[in-house]
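With CSV, C-alpha atoms and all ligand atoms inside, this is my_file-v9.csv:
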```csv
chain,number,residue,atom,x,y,z
H,1,MET,CA,141.6,99.7,79.8
H,2,PHE,CA,144.5,102.1,79.3
H,3,GLY,CA,146.1,100.9,82.4
H,4,SER,CA,147.8,98.0,80.7
H,5,LEU,CA,149.7,100.3,78.3
H,6,LYS,CA,153.4,100.7,78.4
H,7,ALA,CA,155.0,104.0,77.3
H,8,LEU,CA,156.8,103.8,74.0
H,9,PRO,CA,160.0,105.7,73.2
H,10,ALA,CA,159.7,108.9,71.1
H,11,ASP,CA,159.9,108.4,67.3
H,12,PRO,CA,163.6,108.2,66.4
H,13,ILE,CA,163.2,111.0,63.8
H,14,LEU,CA,160.3,113.2,65.0
H,15,GLY,CA,161.5,113.0,68.6
H,16,LEU,CA,164.6,115.0,67.6
H,17,LEU,CA,162.4,118.0,66.6
H,18,ALA,CA,161.3,118.6,70.2
H,19,LYS,CA,164.8,118.2,71.6
H,20,TYR,CA,166.2,120.6,69.0
H,21,ARG,CA,163.5,123.2,69.7
H,22,ASN,CA,164.2,123.1,73.4
H,23,ASP,CA,167.9,123.5,73.1
H,24,GLU,CA,169.0,127.0,73.9
H,25,ASN,CA,172.5,126.8,72.4
H,26,PRO,CA,172.7,129.6,69.8
H,27,GLN,CA,175.0,127.4,67.7
H,28,LYS,CA,172.6,124.4,67.6
H,29,ILE,CA,172.3,122.7,64.2
H,30,ASP,CA,169.3,120.6,63.1
H,31,LEU,CA,170.3,117.7,60.8
H,32,GLY,CA,167.4,115.6,61.9
H,33,VAL,CA,164.0,115.5,60.2
H,34,GLY,CA,164.0,115.6,56.4
H,35,VAL,CA,162.8,119.1,55.7
H,36,TYR,CA,164.4,121.6,53.3
H,37,LYS,CA,166.0,124.7,55.0
H,38,ASP,CA,167.4,127.8,53.3
H,39,GLU,CA,170.7,129.4,54.2
H,40,ALA,CA,169.0,131.1,57.2
H,41,GLY,CA,167.8,127.7,58.4
H,42,HIS,CA,164.2,128.6,57.6
H,43,THR,CA,161.7,126.3,55.8
H,44,ALA,CA,160.0,129.0,53.7
H,45,ILE,CA,156.7,128.6,51.7
H,46,LEU,CA,157.5,128.4,48.0
H,47,ASP,CA,156.5,131.5,46.0
H,48,CYS,CA,154.5,129.4,43.6
H,49,VAL,CA,152.6,127.9,46.5
H,50,LYS,CA,151.8,131.4,47.9
H,51,ALA,CA,150.6,132.4,44.4
H,52,ALA,CA,148.5,129.2,44.1
H,53,GLU,CA,146.9,129.8,47.5
H,54,GLN,CA,146.0,133.3,46.6
H,55,HIS,CA,144.3,132.1,43.4
H,56,ARG,CA,142.4,129.4,45.4
H,57,PHE,CA,141.4,131.9,48.0
H,58,LYS,CA,139.7,134.0,45.2
H,59,THR,CA,138.2,131.2,43.3
H,60,GLU,CA,137.3,128.4,45.7
H,61,ASP,CA,133.5,128.4,46.3
H,62,THR,CA,132.7,125.3,48.3
H,63,LYS,CA,134.0,123.0,51.0
H,64,VAL,CA,131.7,120.2,50.2
H,65,TYR,CA,133.0,116.6,50.5
H,66,ILE,CA,135.5,115.6,47.7
H,67,GLY,CA,135.1,111.8,47.8
H,68,PRO,CA,137.7,109.0,48.5
H,69,THR,CA,139.6,109.5,45.3
H,70,GLY,CA,140.4,113.1,46.1
H,71,SER,CA,140.6,115.7,43.3
H,72,PRO,CA,140.5,114.2,39.8
H,73,LEU,CA,142.6,117.1,38.5
H,74,PHE,CA,145.3,116.6,41.1
H,75,ASN,CA,145.3,112.9,40.4
H,76,ASP,CA,145.7,113.5,36.7
H,77,GLU,CA,148.5,116.0,37.1
H,78,MET,CA,150.3,113.8,39.6
H,79,SER,CA,150.1,110.8,37.3
H,80,LYS,CA,151.7,112.9,34.5
H,81,LEU,CA,154.4,114.1,36.9
H,82,ILE,CA,155.2,110.6,38.0
H,83,PHE,CA,155.0,108.8,34.7
H,84,GLY,CA,155.5,111.5,32.1
H,85,ASP,CA,154.5,110.3,28.7
H,86,HIS,CA,154.2,106.7,29.6
H,87,LYS,CA,152.4,103.7,28.1
H,88,VAL,CA,150.6,102.9,31.4
H,89,LEU,CA,148.7,106.1,31.1
H,90,ALA,CA,148.0,105.6,27.4
H,91,GLU,CA,146.8,102.1,28.1
H,92,ASN,CA,144.6,103.4,30.9
H,93,ARG,CA,146.3,101.0,33.4
H,94,ALA,CA,147.0,103.5,36.2
H,95,ARG,CA,144.6,104.7,38.9
H,96,THR,CA,145.7,107.4,41.4
H,97,VAL,CA,144.1,108.6,44.7
H,98,SER,CA,145.1,111.6,46.7
H,99,THR,CA,146.3,110.7,50.1
H,100,PRO,CA,147.2,112.5,53.4
H,101,GLY,CA,151.0,112.8,52.6
H,102,GLY,CA,153.4,110.1,51.4
H,103,THR,CA,152.9,108.3,54.7
H,104,GLY,CA,149.1,108.1,54.0
H,105,ALA,CA,149.9,106.8,50.5
H,106,LEU,CA,152.1,104.0,52.1
H,107,ARG,CA,149.4,103.1,54.6
H,108,VAL,CA,146.8,102.9,51.9
H,109,ALA,CA,149.1,100.8,49.8
H,110,ALA,CA,149.8,98.5,52.8
H,111,GLU,CA,146.1,98.0,53.5
H,112,PHE,CA,145.5,97.4,49.8
H,113,ILE,CA,148.3,94.7,49.7
H,114,SER,CA,146.7,93.2,52.8
H,115,ALA,CA,143.3,93.1,51.1
H,116,CYS,CA,145.0,91.2,48.1
H,117,LYS,CA,146.7,88.7,50.5
H,118,THR,CA,146.4,88.6,54.2
H,119,GLY,CA,149.8,88.6,55.9
H,120,ALA,CA,151.7,89.2,52.6
H,121,THR,CA,155.4,89.6,52.8
H,122,ILE,CA,157.0,92.9,51.9
H,123,TRP,CA,160.7,93.3,51.4
H,124,VAL,CA,162.3,96.6,52.3
H,125,SER,CA,165.9,97.7,51.9
H,126,ASN,CA,168.3,97.4,54.8
H,127,PRO,CA,168.3,100.1,55.9
H,128,THR,CA,165.1,101.9,55.0
H,129,TRP,CA,163.0,104.9,56.2
H,130,ALA,CA,162.5,104.2,60.0
H,131,ASN,CA,158.7,104.4,59.6
H,132,HIS,CA,158.4,101.8,56.8
H,133,THR,CA,158.6,98.8,59.0
H,134,GLY,CA,156.1,99.9,61.7
H,135,LEU,CA,153.7,101.1,59.1
H,136,PHE,CA,153.6,97.9,57.2
H,137,GLN,CA,153.5,95.7,60.3
H,138,ALA,CA,150.5,97.8,61.5
H,139,SER,CA,148.7,96.7,58.4
H,140,GLY,CA,149.5,93.0,59.2
H,141,LEU,CA,152.2,92.6,56.6
H,142,ASN,CA,155.2,90.5,57.2
H,143,VAL,CA,158.3,92.7,56.8
H,144,LYS,CA,161.6,91.3,55.6
H,145,THR,CA,164.8,93.0,54.5
H,146,TYR,CA,167.1,92.7,51.5
H,147,PRO,CA,170.7,94.0,51.6
H,148,TYR,CA,171.2,97.5,50.3
H,149,TYR,CA,173.8,99.8,51.9
H,150,ASP,CA,177.4,98.6,52.3
H,151,TYR,CA,178.3,100.5,55.5
H,152,GLU,CA,181.9,99.5,55.3
H,153,ASN,CA,182.5,100.8,51.8
H,154,LYS,CA,179.8,103.5,51.9
H,155,THR,CA,178.3,102.3,48.7
H,156,LEU,CA,175.6,99.9,47.4
H,157,ASP,CA,175.7,96.2,48.2
H,158,PHE,CA,174.2,95.6,44.8
H,159,ASP,CA,175.3,91.9,44.5
H,160,GLY,CA,173.7,91.2,47.9
H,161,MET,CA,170.5,93.1,46.8
H,162,LEU,CA,170.1,91.2,43.5
H,163,THR,CA,170.8,87.8,45.1
H,164,ALA,CA,168.2,88.4,47.8
H,165,LEU,CA,165.6,89.7,45.3
H,166,LYS,CA,166.0,86.6,43.1
H,167,GLN,CA,164.9,84.6,46.1
H,168,VAL,CA,161.7,86.5,47.1
H,169,GLY,CA,158.3,84.9,46.5
H,170,LYS,CA,156.2,85.5,43.4
H,171,ASP,CA,153.4,86.8,45.6
H,172,ASP,CA,155.7,89.0,47.7
H,173,VAL,CA,156.0,92.8,47.4
H,174,VAL,CA,159.3,94.6,47.1
H,175,LEU,CA,159.6,98.2,48.2
H,176,LEU,CA,162.1,100.2,46.2
H,177,HIS,CA,163.1,103.9,46.7
H,178,ALA,CA,162.7,105.7,43.4
H,179,CYS,CA,165.4,108.2,44.2
H,180,CYS,CA,167.2,109.9,47.0
H,181,HIS,CA,167.3,106.8,49.2
H,182,ASN,CA,166.2,107.5,52.7
H,183,PRO,CA,168.3,107.2,54.8
H,184,SER,CA,171.5,106.4,52.8
H,185,GLY,CA,171.3,108.8,49.8
H,186,MET,CA,172.7,105.8,47.8
H,187,ASP,CA,170.7,105.4,44.6
H,188,LEU,CA,170.7,102.7,41.9
H,189,SER,CA,172.3,103.6,38.6
H,190,ARG,CA,170.4,103.2,35.4
H,191,GLU,CA,172.2,99.9,34.6
H,192,GLN,CA,171.4,98.7,38.1
H,193,TRP,CA,167.7,99.6,37.7
H,194,GLN,CA,167.7,97.6,34.5
H,195,GLN,CA,169.0,94.6,36.3
H,196,VAL,CA,166.4,94.9,39.1
H,197,VAL,CA,163.7,95.2,36.5
H,198,GLU,CA,164.9,92.0,34.9
H,199,VAL,CA,164.7,90.2,38.3
H,200,ALA,CA,161.2,91.6,39.0
H,201,LYS,CA,160.1,90.3,35.6
H,202,GLY,CA,161.7,86.9,36.2
H,203,VAL,CA,160.5,86.4,39.7
H,204,GLY,CA,157.1,88.1,39.2
H,205,PHE,CA,157.0,89.9,42.6
H,206,THR,CA,155.0,93.2,42.8
H,207,PRO,CA,157.2,96.3,43.1
H,208,LEU,CA,156.0,99.1,45.4
H,209,ILE,CA,158.0,102.2,44.6
H,210,ASP,CA,158.2,105.0,47.2
H,211,MET,CA,159.0,108.3,45.6
H,212,ALA,CA,159.1,110.9,48.4
H,213,TYR,CA,161.8,113.1,46.9
H,214,GLN,CA,161.1,113.5,43.1
H,215,GLY,CA,163.2,116.4,41.9
H,216,PHE,CA,165.7,116.4,44.8
H,217,GLY,CA,168.2,114.1,43.1
H,218,ASP,CA,169.0,114.9,39.5
H,219,GLY,CA,165.7,116.4,38.2
H,220,LEU,CA,162.0,115.5,38.0
H,221,ASP,CA,162.2,113.1,35.0
H,222,GLU,CA,165.7,111.8,35.9
H,223,ASP,CA,164.5,110.8,39.4
H,224,ALA,CA,161.6,108.9,38.0
H,225,TYR,CA,163.7,106.9,35.5
H,226,GLY,CA,163.8,103.6,37.4
H,227,LEU,CA,160.1,103.8,38.3
H,228,ARG,CA,159.1,104.4,34.7
H,229,LEU,CA,161.4,101.6,33.5
H,230,MET,CA,159.8,99.2,36.0
H,231,ALA,CA,156.3,100.3,35.0
H,232,GLU,CA,157.2,99.5,31.4
H,233,ASN,CA,158.2,96.0,32.2
H,234,VAL,CA,155.9,94.6,34.9
H,235,LYS,CA,152.3,93.7,34.9
H,236,GLN,CA,151.4,95.3,38.1
H,237,MET,CA,152.9,97.7,40.6
H,238,LEU,CA,152.2,100.3,43.2
H,239,VAL,CA,153.6,103.8,43.6
H,240,CYS,CA,153.5,106.0,46.7
H,241,SER,CA,154.5,109.6,46.1
H,242,SER,CA,154.7,112.7,48.3
H,243,CYS,CA,154.3,116.5,47.7
H,244,SER,CA,155.8,117.3,51.2
H,245,LYS,CA,159.3,117.9,50.0
H,246,ASN,CA,159.2,119.0,46.4
H,247,PHE,CA,156.3,121.4,46.9
H,248,GLY,CA,157.3,122.2,50.5
H,249,LEU,CA,153.8,121.3,51.7
H,250,TYR,CA,154.8,119.2,54.7
H,251,ARG,CA,152.0,120.1,57.1
H,252,GLU,CA,149.3,120.1,54.4
H,253,ARG,CA,149.7,116.4,54.1
H,254,ILE,CA,149.4,115.7,50.5
H,255,GLY,CA,150.6,112.7,48.5
H,256,ALA,CA,149.3,110.1,46.1
H,257,CYS,CA,148.9,106.3,45.8
H,258,THR,CA,148.9,104.9,42.3
H,259,ILE,CA,148.1,101.3,41.3
H,260,ILE,CA,149.0,99.9,37.9
H,261,GLY,CA,147.2,96.7,36.8
H,262,GLU,CA,147.5,94.3,33.9
H,263,SER,CA,144.5,95.8,32.0
H,264,ALA,CA,142.1,98.7,32.3
H,265,ALA,CA,139.4,96.3,33.5
H,266,SER,CA,141.5,94.6,36.1
H,267,THR,CA,142.8,98.0,37.3
H,268,ASP,CA,139.2,99.2,37.8
H,269,ILE,CA,138.5,96.2,40.0
H,270,ALA,CA,141.7,96.9,42.0
H,271,ASN,CA,140.7,100.5,42.2
H,272,SER,CA,137.4,99.7,43.8
H,273,VAL,CA,139.3,97.9,46.6
H,274,LEU,CA,141.7,100.8,46.9
H,275,LEU,CA,138.7,103.2,47.4
H,276,SER,CA,137.1,100.9,50.0
H,277,VAL,CA,140.5,100.9,51.9
H,278,VAL,CA,140.5,104.7,51.8
H,279,ARG,CA,136.9,104.9,53.0
H,280,CYS,CA,137.7,102.7,56.0
H,281,ILE,CA,140.8,104.6,57.1
H,282,TYR,CA,140.1,108.4,56.6
H,283,SER,CA,137.1,108.4,54.2
H,284,MET,CA,138.4,111.2,52.1
H,285,PRO,CA,141.8,113.0,51.8
H,286,PRO,CA,142.3,116.6,52.8
H,287,ALA,CA,141.8,119.0,49.8
H,288,HIS,CA,143.9,122.1,50.4
H,289,GLY,CA,147.3,120.6,49.5
H,290,ALA,CA,145.9,118.9,46.4
H,291,ALA,CA,144.3,122.2,45.3
H,292,ILE,CA,147.7,124.0,45.6
H,293,VAL,CA,149.5,121.3,43.6
H,294,GLU,CA,146.9,121.0,40.8
H,295,THR,CA,146.9,124.8,40.5
H,296,ILE,CA,150.6,124.9,40.1
H,297,LEU,CA,150.9,122.0,37.7
H,298,SER,CA,148.0,123.1,35.5
H,299,SER,CA,149.4,126.6,35.0
H,300,ASP,CA,152.3,127.1,32.6
H,301,GLU,CA,153.5,130.1,34.6
H,302,LEU,CA,153.3,128.6,38.1
H,303,ARG,CA,154.8,125.3,36.9
H,304,GLN,CA,157.8,127.1,35.4
H,305,GLN,CA,158.2,129.0,38.7
H,306,TRP,CA,158.0,125.7,40.6
H,307,TYR,CA,160.7,124.1,38.4
H,308,GLY,CA,163.0,127.1,39.3
H,309,GLU,CA,162.3,126.9,43.0
H,310,LEU,CA,162.8,123.1,43.1
H,311,LYS,CA,166.1,123.5,41.2
H,312,GLU,CA,167.2,126.0,43.8
H,313,MET,CA,166.5,123.6,46.6
H,314,ARG,CA,168.3,120.7,44.8
H,315,ASP,CA,171.3,122.8,43.9
H,316,ARG,CA,171.6,124.1,47.5
H,317,ILE,CA,171.6,120.6,48.9
H,318,ASN,CA,174.2,119.3,46.4
H,319,GLY,CA,176.3,122.4,47.2
H,320,ASN,CA,176.1,121.5,50.9
H,321,ARG,CA,177.4,118.0,50.2
H,322,LYS,CA,180.6,119.4,48.7
H,323,LEU,CA,180.8,122.2,51.3
H,324,LEU,CA,180.8,119.7,54.2
H,325,VAL,CA,183.3,117.4,52.6
H,326,ASP,CA,185.7,120.3,51.9
H,327,LYS,CA,185.4,121.6,55.4
H,328,LEU,CA,186.1,118.2,56.9
H,329,VAL,CA,189.3,118.1,54.8
H,330,GLU,CA,190.2,121.6,56.0
H,331,GLN,CA,189.9,120.3,59.6
H,332,GLY,CA,192.7,117.9,58.8
H,333,ILE,CA,190.5,114.8,59.1
H,334,THR,CA,192.1,112.0,57.1
H,335,ARG,CA,189.1,109.7,56.9
H,336,ASP,CA,187.6,109.8,53.5
H,337,PHE,CA,184.1,111.5,53.4
H,338,SER,CA,184.0,112.0,49.7
H,339,PHE,CA,181.2,109.4,49.4
H,340,ILE,CA,178.8,112.2,50.6
H,341,THR,CA,179.2,114.0,47.3
H,342,ARG,CA,178.3,110.8,45.4
H,343,GLN,CA,175.1,110.3,47.2
H,344,LYS,CA,171.8,112.0,46.4
H,345,GLY,CA,168.9,113.9,48.0
H,346,MET,CA,168.3,115.0,51.5
H,347,PHE,CA,170.3,112.4,53.4
H,348,SER,CA,173.6,110.6,53.9
H,349,PHE,CA,175.0,108.6,56.8
H,350,LEU,CA,178.0,110.4,58.3
H,351,GLY,CA,179.2,106.9,59.3
H,352,ILE,CA,180.1,107.6,62.9
H,353,THR,CA,179.0,105.5,66.0
H,354,PRO,CA,175.8,106.1,68.0
H,355,GLU,CA,178.1,107.2,70.9
H,356,GLN,CA,179.7,109.9,68.6
H,357,VAL,CA,176.2,111.0,67.4
H,358,GLN,CA,175.2,111.3,71.1
H,359,ARG,CA,178.3,113.4,71.9
H,360,LEU,CA,177.5,115.7,68.9
H,361,GLN,CA,174.1,116.2,70.5
H,362,ASP,CA,175.1,116.5,74.1
H,363,GLU,CA,178.3,118.5,73.7
H,364,PHE,CA,177.7,120.5,70.6
H,365,SER,CA,173.9,120.7,70.1
H,366,ILE,CA,174.2,119.1,66.7
H,367,TYR,CA,171.1,116.9,66.1
H,368,MET,CA,171.1,113.9,63.7
H,369,VAL,CA,169.3,110.5,63.8
H,370,GLY,CA,171.1,107.8,66.0
H,371,SER,CA,172.2,105.9,62.8
H,372,SER,CA,174.2,109.1,61.9
H,373,ARG,CA,171.7,110.0,59.2
H,374,MET,CA,172.2,113.7,58.4
H,375,SER,CA,169.6,115.9,56.7
H,376,ILE,CA,172.0,117.7,54.4
H,377,ALA,CA,169.6,120.7,54.0
H,378,GLY,CA,170.4,121.7,57.6
H,379,ILE,CA,174.0,122.6,56.6
H,380,ALA,CA,174.6,126.3,55.9
H,381,ASN,CA,177.6,128.6,55.2
H,382,SER,CA,177.0,130.0,58.7
H,383,ASN,CA,177.2,126.7,60.5
H,384,VAL,CA,179.5,124.4,58.5
H,385,ASP,CA,182.8,125.4,60.1
H,386,TYR,CA,181.3,124.7,63.6
H,387,LEU,CA,179.8,121.4,62.3
H,388,ALA,CA,183.2,120.3,60.8
H,389,GLN,CA,185.1,121.3,63.9
H,390,SER,CA,182.6,119.4,66.1
H,391,ILE,CA,182.8,116.3,64.0
H,392,ALA,CA,186.6,116.5,64.1
H,393,LYS,CA,186.4,116.6,67.9
H,394,VAL,CA,184.2,113.5,68.3
H,395,LEU,CA,186.1,111.4,65.7
A,1,LIG,C1,162.3,112.0,57.3
A,1,LIG,O1,162.6,110.9,57.0
A,1,LIG,O2,162.9,112.7,58.1
A,1,LIG,C2,161.0,112.6,56.8
A,1,LIG,O3,160.4,111.7,55.9
A,1,LIG,C3,160.0,113.0,57.8
A,1,LIG,C4,159.4,111.8,58.5
A,1,LIG,O4,158.2,111.8,58.6
A,1,LIG,O5,160.1,110.9,59.0
```
So, in terms of structure tokens, how does the structure I just supplied come out?
Ligand code: LMR
Amino acid sequence: MFGSLKALPADPILGLLAKYRNDENPQKIDLGVGVYKDEAGHTAILDCVKAAEQHRFKTEDTKVYIGPTGSPLFNDEMSKLIFGDHKVLAENRARTVSTPGGTGALRVAAEFISACKTGATIWVSNPTWANHTGLFQASGLNVKTYPYYDYENKTLDFDGMLTALKQVGKDDVVLLHACCHNPSGMDLSREQWQQVVEVAKGVGFTPLIDMAYQGFGDGLDEDAYGLRLMAENVKQMLVCSSCSKNFGLYRERIGACTIIGESAASTDIANSVLLSVVRCIYSMPPAHGAAIVETILSSDELRQQWYGELKEMRDRINGNRKLLVDKLVEQGITRDFSFITRQKGMFSFLGITPEQVQRLQDEFSIYMVGSSRMSIAGIANSNVDYLAQSIAKVL
């Protein structure tokens, strides 16, 4: 049976990890996978996470099954983190399940959409996270794209985006990145969100908002602005969120999938379908990551500590954006890279060709995705001169 299989290429993002690890060049730089790194290039465990784990170690007294919904306390705390003081919570129109990471949340959402309408169409931004398309297609969805990033001018093709969204079907789903667009770093302004919300209301499509980087753009509430505005104005929507980046819980695999329905009663019906989807994929989510997050969010002290640690990560990434642009200027490069400072979150496209990306890898041991997506967190004071010199050489 296996004999008919053909080998597939390595994942364009995760495949870089192995290559980077095997590279013996002491000057190597990892700008590949979207993980936060400190000045020393290390992805440390947050202090608030360590404290929460110690607390759990002392107080946890069972490993019995948790159920398809996951931990109710985690779901409750996550809903508040996502929506704040929002009417959808007051109206009891949101249901959240814990999922294995943000990817698990997306897969649950995809299967849920498929249960609503077999072969439904989902529109994703061009470009979008490399895994979105495969993941949705694996659930039988029909994936189409709307214009998003203007590669030429390094900005948003907002007119193209709006024109396309006005033409999607009423029963279609539109995926929007809440903040820190992956891979472009190009986010919608508040005014642009308002216009997208108007189109969503007019057309009646269902928004699916992917929020994998809450807190990495401008702040926790600021990054949820568009999502909350959308939730205020549409009858139904889906939200997929992740605790991988903002809590640094990558390998614990913890995220959440939230559905919002028109009324409490109709959301309960939708939730029963959501739970059946979960049961058929992985039955129940892992508990450890959720336990850490709920411990942090339900303790004033740990929550404050987390705010501080998250701000430190955000500030370092924003500082790296300016640092790189300044160093490229210092190298005498005349091409304008200032757009990097106007983008948000973990990623930006450097805007070089795939051949130049390959040269950076082969000749300088600098790793980024073939599209020239850079994970800005991999930049440090200790490597930025070498990075800027190498970029100058391949340009
Ligand atoms: C990324 O885009 O690099 C991250 O979201 C990690 C992943 O799973 O691709």
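Counting all atoms listed in the file, Asn182 in chain H has the following residues at most 7 Å away, ignoring those fewer than 2 positions along the same chain: Thr128, Trp129, Cys180, Ser184, Gly185 and Phe347 of chain H.
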Please, which residues in chain H fall within 9 Å of ligand LIG 1 (chain A) when counting only C-alpha atoms and all ligand atoms, and what is the closest atom pair and distance in Å to one decimal for each, ordered by chain then residue number, as JSON lines?
```
{"residue": "H:Asp11", "atom": "CA", "partner": "A:LIG1", "partner_atom": "O5", "distance": 8.7}
{"residue": "H:Pro12", "atom": "CA", "partner": "A:LIG1", "partner_atom": "O5", "distance": 8.6}
{"residue": "H:Ile13", "atom": "CA", "partner": "A:LIG1", "partner_atom": "O5", "distance": 5.7}
{"residue": "H:Leu14", "atom": "CA", "partner": "A:LIG1", "partner_atom": "O5", "distance": 6.4}
{"residue": "H:Gly32", "atom": "CA", "partner": "A:LIG1", "partner_atom": "O2", "distance": 6.6}
{"residue": "H:Val33", "atom": "CA", "partner": "A:LIG1", "partner_atom": "O2", "distance": 3.7}
{"residue": "H:Gly34", "atom": "CA", "partner": "A:LIG1", "partner_atom": "O2", "distance": 3.5}
{"residue": "H:Val35", "atom": "CA", "partner": "A:LIG1", "partner_atom": "C2", "distance": 6.8}
{"residue": "H:Gly102", "atom": "CA", "partner": "A:LIG1", "partner_atom": "O3", "distance": 8.5}
{"residue": "H:Thr103", "atom": "CA", "partner": "A:LIG1", "partner_atom": "O4", "distance": 7.5}
{"residue": "H:Trp129", "atom": "CA", "partner": "A:LIG1", "partner_atom": "O1", "distance": 6.1}
{"residue": "H:Ala130", "atom": "CA", "partner": "A:LIG1", "partner_atom": "O5", "distance": 7.2}
{"residue": "H:Asn131", "atom": "CA", "partner": "A:LIG1", "partner_atom": "O5", "distance": 6.7}
{"residue": "H:Asn182", "atom": "CA", "partner": "A:LIG1", "partner_atom": "O1", "distance": 6.6}
{"residue": "H:Pro183", "atom": "CA", "partner": "A:LIG1", "partner_atom": "O1", "distance": 7.1}
{"residue": "H:Ala212", "atom": "CA", "partner": "A:LIG1", "partner_atom": "O3", "distance": 7.7}
{"residue": "H:Ser244", "atom": "CA", "partner": "A:LIG1", "partner_atom": "O3", "distance": 8.6}
{"residue": "H:Lys245", "atom": "CA", "partner": "A:LIG1", "partner_atom": "O3", "distance": 8.6}
{"residue": "H:Tyr250", "atom": "CA", "partner": "A:LIG1", "partner_atom": "C3", "distance": 8.7}
{"residue": "H:Met346", "atom": "CA", "partner": "A:LIG1", "partner_atom": "O2", "distance": 8.8}
{"residue": "H:Phe347", "atom": "CA", "partner": "A:LIG1", "partner_atom": "O1", "distance": 8.6}
{"residue": "H:Val369", "atom": "CA", "partner": "A:LIG1", "partner_atom": "O2", "distance": 8.8}
{"residue": "H:Ser375", "atom": "CA", "partner": "A:LIG1", "partner_atom": "O2", "distance": 7.6}
```
Just-selected residues, C-alpha atoms written as a short mmCIF file (atom, residue, chain, number, x, y, z; two decimals), keeping the file's coordinate frame:
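So the final result, stored in selection_0.cif, reads:
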```
data_model
loop_
_atom_site.label_atom_id
_atom_site.label_comp_id
_atom_site.auth_asym_id
_atom_site.auth_seq_id
_atom_site.Cartn_x
_atom_site.Cartn_y
_atom_site.Cartn_z
CA ASP H 11 159.90 108.40 67.30
CA PRO H 12 163.60 108.20 66.40
CA ILE H 13 163.20 111.00 63.80
CA LEU H 14 160.30 113.20 65.00
CA GLY H 32 167.40 115.60 61.90
CA VAL H 33 164.00 115.50 60.20
CA GLY H 34 164.00 115.60 56.40
CA VAL H 35 162.80 119.10 55.70
CA GLY H 102 153.40 110.10 51.40
CA THR H 103 152.90 108.30 54.70
CA TRP H 129 163.00 104.90 56.20
CA ALA H 130 162.50 104.20 60.00
CA ASN H 131 158.70 104.40 59.60
CA ASN H 182 166.20 107.50 52.70
CA PRO H 183 168.30 107.20 54.80
CA ALA H 212 159.10 110.90 48.40
CA SER H 244 155.80 117.30 51.20
CA LYS H 245 159.30 117.90 50.00
CA TYR H 250 154.80 119.20 54.70
CA MET H 346 168.30 115.00 51.50
CA PHE H 347 170.30 112.40 53.40
CA VAL H 369 169.30 110.50 63.80
CA SER H 375 169.60 115.90 56.70
#
```
**Item:** Which of H:Asn142, H:Ser189, H:Thr121, H:Ser4 sits closest to Gly169 in chain H [using all atoms listed in the file]
**Value:** H:Thr121
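Here CA of Ala110 in chain H is placed at a distance of 22.5 Å from CA of Gly289 in chain H.
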**Item:** Between CA of Leu387 in chain H and CA of Gly319 in chain H - distance in Å to one decimal
**Value:**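 Computing it gives 15.5 Å between the two atoms.
Each of H:Met211, H:Met1, H:Val329, H:Val97 was checked against Pro68 in chain H using only C-alpha atoms; the smallest atom-to-atom distance is that of H:Val97.
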**Item:** Nearest residue to Leu227 in chain H from the set H:Val325, H:Val196, H:Ile296, H:Leu8 (distances using all atoms listed in the file)
**Value:**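 So, comparing all the options, the nearest one is H:Val196.
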**Request:** May I have the residues within 9 Å of Asn75 in chain H as JSON, numbers by chain, using all atoms listed in the file and disregarding those fewer than 5 positions away in the same chain?
**Result:** {"H": [69, 70, 80, 95, 96, 97, 98, 256, 258, 290, 294]}
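Separating CA of Ile340 in chain H from CA of Met368 in chain H is a distance of 15.3 Å.
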